[in-house]
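A.B. asks: Here it is, the structure in full.
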Amino acid sequence: MIMDWALLTEWTIKSLVLIFGLIGGFAYLTLFERKVLARFQVRIGPNRAGPHGILQPIADAIKLIFKEELIPAKADKIIFIVAPIITVIPALIILAVVPFGPDIRLFGRTITLYISDLNVAVLYIMSVTSISVYGIVLAGWSSNNKYATLGGIRSTAQMISYELALGLGFVGPILLSGSLSLVGIVDAQKNVWFFLYQPVGAFIFWVANLAEVNRAPFDMPEAEQELTAGYHTEYSGMKFALFFMAEYIKMIAVSAIAVTLFFGGYRGPLVDQFPVLGPLYFLIKVVAFLYLMVWVRATLPRIRYDRLMAFGWKLLFPISLGNVLLTAVGIGLVGITGNNLWLWFIPVSTILFFLLVSHFAQGAVAGGNK
Amino acid sequence: MSIDIILFLGLAVVAILSAAGMLFSRNAIYSALFLIINFSAIAVYYLILGAPFIALTQITVYAGAIMVLFIFVIMLLGAEQTGRTPASWWMRPLGMGLGALLILESLYLIFTHLHSFPQPIEIIDGFGNPGQVGEILFDKYVLPFEIISLLLLVAMIGAIVLTKKKMKR
């Protein structure tokens, strides 16, 4: 029984650290994004609250807490209140299966730096992403506002379309590592990061991720010029803050998952000697990906809605299918010949396939319904 | 009382109440939401039975993909409000009759076969982990699996053909 309590305490502490880490990460990610975006546009960015604007997230939080909350008279009240909560929960729980570092010894106990090592971790991530769309849809519907409903419908269509490419993106690392557990996938990247075997897979996974978390250039559900603010038009105060929080926590989550699947997770030089370096490497890689997201937002204009759909279905989906097929062929060749060099067949053939398909699909994506 | 029984009973309440809620709510969106809760409760049952693969597939496919499409269609058609009376007069009596028949038959089977139900099978080690599921699916049951994939493909092609606009010459 004593053992159980110790284990339970360990889990509770780890979960709390993860959740508060994500919430703190969300607060400072908003500042990070505003600062970096300002630099891209040759501005200074927030610099009033505290030195270099370091207290800006706290000021924002206080402002949002004390704002008046409105519920539209014709809104569906129960769903209107529940929708922000449904949006936040998947964002908070999705990282439970991601390892942040190797096992460390603390107080005479071996502590694993993940909350759970499921043998179906990848499926867990898939199922959480597949239910994360509900919050947005229900928010749009329950507001009883045409812009909000349009935003909700757009986000459903977009997330269903890009989920295919996202799911197929998972298959590459699964095939290479032979494991559905993220701990197993990270262990399999001890020598070579899967990014080198799966350049096309990593690219498609990343693009589908951007669409899945509604980031620019795929932020159609909240396109402010067309839909005022999309699905959260009618939300104010803390409820709006929950949507905002979910969006930024999802950014952190998808970056962490991309790092784990394709960029070696917490692996890096000297990690086996000094396990404490693991979380540090992980953090650095995640921040690099977050920077990439802000960079993309600062650079690319929003894609038109019909092209967004055509891009997902006519370009990303066939390429990701071909990527899975060629990866399986490469692994089969290794199995037949027994020579590991055949693994390099995968990046070469997938890049050629990618160029071929994008050359022929160009007309289909750009031309609309012609 | 072991923790499994408590979990089972709690889940049973959730599953039955959500199923009833789905049937009796007047709003199609609420019905769909109750159905999602029901699917999730079933998924937790699979977890209790030691089949995480099936549980998570249940959530991804049913609670996720299929119900998203349902809600998408309901929202797109604006069909949230269902009418208070069914479309035809014979629907309600027919439904009641069929329901009564189902209850009678199950009661009869339960009471006549009470002592001849098979004993629960001992669960083998590694039951339901993804490797085993894959091996069984692609080895022992590869033909049914391929036939089902073909059927799904045919259905998909059919939907595309039906919705395709006529080519203008």
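Order determines the names: the first chain of the structure tokens is A, the second B, and so forth; residues in each chain are numbered 1 upward, and ligands are numbered 1 upward as they are shown.
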Using only C-alpha atoms, find each residue of chain B with at least one atom at most 12 Å away from an atom of chain A; report its shortest atom-to-atom pair and that distance in Å (one decimal), sort the rows by chain and rising residue number, and return the result as a tab-separated table.

C.D. replies:
```
residue	atom	partner	partner_atom	distance
B:Asn27	CA	A:Asp76	CA	11.0
B:Ile29	CA	A:Leu138	CA	8.9
B:Tyr30	CA	A:Ile79	CA	9.1
B:Ala32	CA	A:Tyr134	CA	11.2
B:Leu33	CA	A:Tyr134	CA	9.4
B:Ile36	CA	A:Ile131	CA	9.6
B:Ile37	CA	A:Ile131	CA	11.4
B:Phe39	CA	A:Ile131	CA	11.9
B:Ser40	CA	A:Ile131	CA	10.5
B:Ala43	CA	A:Ser127	CA	11.2
B:Leu47	CA	A:Val120	CA	11.9
B:Ala51	CA	A:Val120	CA	10.3
B:Pro52	CA	A:Val120	CA	7.1
B:Phe53	CA	A:Val120	CA	6.4
B:Ile54	CA	A:Leu123	CA	10.0
B:Ala55	CA	A:Tyr124	CA	9.5
B:Leu56	CA	A:Tyr124	CA	6.2
B:Thr57	CA	A:Leu123	CA	7.2
B:Gln58	CA	A:Ser127	CA	8.6
B:Ile59	CA	A:Ser127	CA	5.8
B:Thr60	CA	A:Ser127	CA	4.2
B:Val61	CA	A:Ser127	CA	8.0
B:Tyr62	CA	A:Ser130	CA	9.8
B:Ala63	CA	A:Ile131	CA	7.0
B:Gly64	CA	A:Ser130	CA	4.8
B:Ala65	CA	A:Ser130	CA	6.5
B:Ile66	CA	A:Ser130	CA	9.9
B:Met67	CA	A:Ile131	CA	9.3
B:Val68	CA	A:Thr156	CA	7.3
B:Leu69	CA	A:Thr156	CA	8.2
B:Phe70	CA	A:Thr156	CA	10.9
B:Ile71	CA	A:Val137	CA	8.4
B:Phe72	CA	A:Ile153	CA	6.6
B:Val73	CA	A:Ile153	CA	9.4
B:Ile74	CA	A:Trp141	CA	10.4
B:Met75	CA	A:Trp141	CA	7.4
B:Leu76	CA	A:Ile153	CA	7.4
B:Leu77	CA	A:Ile153	CA	11.2
B:Gly78	CA	A:Trp141	CA	10.1
B:Glu80	CA	A:Trp141	CA	10.3
B:Gly126	CA	A:Asn119	CA	10.7
B:Gly128	CA	A:Asn119	CA	10.4
B:Asn129	CA	A:Asn119	CA	7.1
B:Pro130	CA	A:Val120	CA	6.9
B:Gly131	CA	A:Ser179	CA	8.7
B:Gln132	CA	A:Asn119	CA	11.7
B:Val133	CA	A:Val120	CA	11.6
B:Gly134	CA	A:Leu180	CA	11.9
B:Lys164	CA	A:Asn369	CA	11.8
B:Lys165	CA	A:Asn369	CA	10.7
B:Met167	CA	A:Lys370	CA	10.7
B:Lys168	CA	A:Lys370	CA	10.7
```

A.B. asks: So which residues touch region 195-212 of chain A within 9 Å, counting only C-alpha atoms, skipping near sequence neighbours fewer than 5 positions away, as a PyMOL selection string?

C.D. replies: chain A and resi 129+133+155+158-160+162-173+176+217-219+251+254-255+258+261-264+293+312+316-317+319-320+323-324+327+343-348+350-351+354

A.B. asks: May I have the residues within 12 Å of region 46-48 of chain A as a VMD selection string, using only C-alpha atoms and disregarding those fewer than 2 positions away in the same chain?

C.D. replies: chain A and resid 30 to 39 43 to 44 50 to 57 59 to 60

A.B. asks: Check region 227-368 of chain A with DSSP on the backbone and list each residue it calls alpha helix (DSSP H), as number ranges by chain.

C.D. replies: A: 227, 237-262, 277-299, 305-310, 317-337, 345-366
